[in-house]
Amino acid sequence: MKAETPACDAKFVLNASGIVDVNALNFSVLVKNLKSGENIMDSRAYSTLNADKYTTVSFTMTSTDVVKQGNGYVIKANGNLTISGVSRPVTIVANGVLNADKTITVSGSQKVKMSDYKVKPPTFMMGMLKVGNEVTVQYNLKFNG
């Protein structure tokens with residue numbers, strides 16, 4: 001599934017040598033803005049994620065560690081990921097790049113176990129097709145100054 005119109009804001013601390021810290025990072029997406037391209041699959045996912053009751057998936061950073069590595073940065077963001085009303089602490093490791101135009105690109109992936117958020121993986125075709133308990137969330141974000 002792809003996230004349509006996610007909301008994300010971050011406050012990066014820069015100096016002459018580049019990124020030195022991240023003071024804030026918040027991300028959220030409306031569950032019903034997650035799209036697979038297949039209406040039946042979307043409907044099952046929304047039901048599984050209790051989208052009518054818990055409308056968003058969100059991440060709120062509590063602390064970070066930024067380390068320069070080659071031409072980029074490794075950003076470790078500790079925070080709380082909330083899915084289907086359940087919030088759990090996670091550490092997200094991302095690769096960051098300070099672009100020539102002073103924008104910042106952050107990308108990476110995070111494995112998430114649905115059962116950690118009390119979500120039962122959906123099944124299709126009377127159980128013949130099952131979604132695994134662990135899903136991988138991939139992200140590629142670009143921040144403007």
# chains A, B, ... in the order shown; residues from 1 in each chain; ligands from 1

call {"tool": "closest_atom_pairs", "arguments": {"of": "segment 9-50 of chain A", "to": "segment 61-76 of chain A", "cutoff": "7 Å", "atoms": "only C-alpha atoms", "output": "tab-separated table"}}
result
residue	atom	partner	partner_atom	distance
A:Val20	CA	A:Val66	CA	6.3
A:Asp21	CA	A:Val66	CA	5.8
A:Val22	CA	A:Thr64	CA	6.4
A:Ala24	CA	A:Met61	CA	6.4
A:Leu25	CA	A:Met61	CA	5.3
A:Asn26	CA	A:Met61	CA	6.3

call {"tool": "closest_atom_pairs", "arguments": {"of": "segment 91-125 of chain A", "to": "segment 46-60 of chain A", "cutoff": "10 Å", "atoms": "only C-alpha atoms", "output": "Markdown table"}}
result
| residue | atom | partner | partner_atom | distance |
| --- | --- | --- | --- | --- |
| A:Ile92 | CA | A:Phe59 | CA | 9.9 |
| A:Met114 | CA | A:Leu49 | CA | 9.4 |
| A:Tyr117 | CA | A:Leu49 | CA | 9.4 |
| A:Lys118 | CA | A:Leu49 | CA | 9.3 |
| A:Val119 | CA | A:Leu49 | CA | 6.5 |
| A:Lys120 | CA | A:Thr48 | CA | 6.7 |
| A:Pro121 | CA | A:Thr48 | CA | 7.1 |
| A:Pro122 | CA | A:Thr48 | CA | 6.2 |
| A:Thr123 | CA | A:Thr48 | CA | 9.6 |

call {"tool": "select_by_dssp", "arguments": {"residues": "segment 29-110 of chain A", "states": "helix (DSSP H, G or I)", "output": "ChimeraX atom specification"}}
result
/A:31-33,39-48

call {"tool": "write_last_selection", "arguments": {"atoms": "all heavy atoms", "output": "compact mmCIF listing (two decimals), in the first residue's frame"}}
result
# COMPACT_ATOMS: atom_id res chain seq x y z
N VAL A 31 -5.54 6.42 7.84
CA VAL A 31 -5.56 5.02 7.44
C VAL A 31 -6.25 4.87 6.09
O VAL A 31 -5.77 4.13 5.22
CB VAL A 31 -6.26 4.16 8.52
CG1 VAL A 31 -6.44 2.72 8.03
CG2 VAL A 31 -5.47 4.18 9.82
N LYS A 32 -7.33 5.59 5.87
CA LYS A 32 -8.06 5.46 4.61
C LYS A 32 -7.37 6.17 3.45
O LYS A 32 -7.87 6.15 2.33
CB LYS A 32 -9.50 5.93 4.78
CG LYS A 32 -10.29 4.95 5.65
CD LYS A 32 -11.75 5.25 5.70
CE LYS A 32 -12.47 4.21 6.52
NZ LYS A 32 -13.91 4.47 6.60
N ASN A 33 -6.20 6.75 3.70
CA ASN A 33 -5.36 7.28 2.62
C ASN A 33 -4.25 6.31 2.25
O ASN A 33 -3.37 6.63 1.46
CB ASN A 33 -4.77 8.64 3.00
CG ASN A 33 -5.78 9.75 2.87
OD1 ASN A 33 -6.90 9.54 2.39
ND2 ASN A 33 -5.42 10.93 3.30
N ASN A 39 -9.58 -2.11 -4.49
CA ASN A 39 -10.58 -1.68 -3.50
C ASN A 39 -10.90 -2.73 -2.45
O ASN A 39 -11.06 -2.40 -1.27
CB ASN A 39 -11.87 -1.26 -4.21
CG ASN A 39 -11.71 0.04 -4.97
OD1 ASN A 39 -10.81 0.83 -4.69
ND2 ASN A 39 -12.56 0.26 -5.96
N ILE A 40 -10.96 -4.00 -2.84
CA ILE A 40 -11.27 -5.05 -1.87
C ILE A 40 -10.16 -5.18 -0.84
O ILE A 40 -10.41 -5.30 0.35
CB ILE A 40 -11.53 -6.40 -2.59
CG1 ILE A 40 -12.81 -6.30 -3.41
CG2 ILE A 40 -11.60 -7.55 -1.60
CD1 ILE A 40 -13.07 -7.49 -4.30
N MET A 41 -8.91 -5.14 -1.30
CA MET A 41 -7.78 -5.22 -0.37
C MET A 41 -7.76 -4.01 0.55
O MET A 41 -7.50 -4.13 1.75
CB MET A 41 -6.46 -5.35 -1.14
CG MET A 41 -6.30 -6.71 -1.79
SD MET A 41 -4.81 -6.89 -2.79
CE MET A 41 -3.52 -6.45 -1.68
N ASP A 42 -8.03 -2.83 0.00
CA ASP A 42 -8.06 -1.62 0.81
C ASP A 42 -9.12 -1.74 1.90
O ASP A 42 -8.87 -1.45 3.07
CB ASP A 42 -8.34 -0.38 -0.04
CG ASP A 42 -7.21 -0.05 -1.00
OD1 ASP A 42 -6.12 -0.65 -0.89
OD2 ASP A 42 -7.43 0.80 -1.88
N SER A 43 -10.30 -2.19 1.52
CA SER A 43 -11.40 -2.34 2.46
C SER A 43 -11.04 -3.28 3.60
O SER A 43 -11.31 -3.00 4.78
CB SER A 43 -12.64 -2.84 1.72
OG SER A 43 -13.70 -3.03 2.62
N ARG A 44 -10.40 -4.40 3.28
CA ARG A 44 -9.98 -5.36 4.32
C ARG A 44 -8.93 -4.74 5.24
O ARG A 44 -8.95 -4.94 6.45
CB ARG A 44 -9.41 -6.63 3.68
CG ARG A 44 -10.42 -7.50 3.03
CD ARG A 44 -11.06 -8.44 4.06
NE ARG A 44 -12.18 -9.13 3.48
CZ ARG A 44 -12.13 -10.30 2.89
NH1 ARG A 44 -10.99 -10.94 2.80
NH2 ARG A 44 -13.22 -10.84 2.38
N ALA A 45 -8.01 -4.02 4.65
CA ALA A 45 -6.96 -3.38 5.46
C ALA A 45 -7.57 -2.35 6.41
O ALA A 45 -7.21 -2.29 7.58
CB ALA A 45 -5.92 -2.71 4.56
N TYR A 46 -8.52 -1.55 5.92
CA TYR A 46 -9.16 -0.54 6.76
C TYR A 46 -9.92 -1.21 7.91
O TYR A 46 -9.88 -0.74 9.04
CB TYR A 46 -10.11 0.34 5.95
CG TYR A 46 -9.47 1.05 4.79
CD1 TYR A 46 -10.24 1.44 3.69
CD2 TYR A 46 -8.11 1.34 4.75
CE1 TYR A 46 -9.67 2.09 2.61
CE2 TYR A 46 -7.53 1.98 3.68
CZ TYR A 46 -8.31 2.36 2.60
OH TYR A 46 -7.75 2.99 1.54
N SER A 47 -10.59 -2.30 7.60
CA SER A 47 -11.32 -3.02 8.64
C SER A 47 -10.34 -3.59 9.68
O SER A 47 -10.56 -3.47 10.88
CB SER A 47 -12.13 -4.15 8.00
OG SER A 47 -12.77 -4.92 8.98
N THR A 48 -9.27 -4.20 9.19
CA THR A 48 -8.25 -4.78 10.08
C THR A 48 -7.63 -3.74 10.99
O THR A 48 -7.38 -3.98 12.16
CB THR A 48 -7.15 -5.46 9.24
OG1 THR A 48 -7.75 -6.53 8.50
CG2 THR A 48 -6.04 -5.99 10.09

call {"tool": "closest_residue", "arguments": {"among": "A:Val90, A:Leu98, A:Ala7, A:Leu30", "to": "Val112 of chain A", "atoms": "only C-alpha atoms"}}
result
A:Val90

call {"tool": "atom_distance", "arguments": {"atom1": "atom CA of Lys142 of chain A", "atom2": "atom CA of Cys8 of chain A"}}
result
9.7 Å

call {"tool": "closest_residue", "arguments": {"among": "A:Glu38, A:Ser107, A:Asp9, A:Ser115", "to": "Gln138 of chain A", "atoms": "only C-alpha atoms"}}
result
A:Ser107

call {"tool": "closest_residue", "arguments": {"among": "A:Asn80, A:Ala16, A:Ile104, A:Val137", "to": "Leu34 of chain A", "atoms": "only C-alpha atoms"}}
result
A:Val137

call {"tool": "closest_residue", "arguments": {"among": "A:Lys35, A:Lys11, A:Lys2, A:Lys113", "to": "Asn140 of chain A", "atoms": "only C-alpha atoms"}}
result
A:Lys2

call {"tool": "select_by_dssp", "arguments": {"residues": "segment 4-100 of chain A", "states": "strand (DSSP E or B)", "output": "MDAnalysis selection string"}}
result
chainID A and resid 7:15 18:30 34:35 56:69 72:83 86:98

call {"tool": "closest_residue", "arguments": {"among": "A:Val97, A:Leu81, A:Val86, A:Ala10", "to": "Lys111 of chain A", "atoms": "only C-alpha atoms"}}
result
A:Leu81

call {"tool": "atom_distance", "arguments": {"atom1": "atom CA of Asp116 of chain A", "atom2": "atom CA of Glu134 of chain A"}}
result
9.6 Å
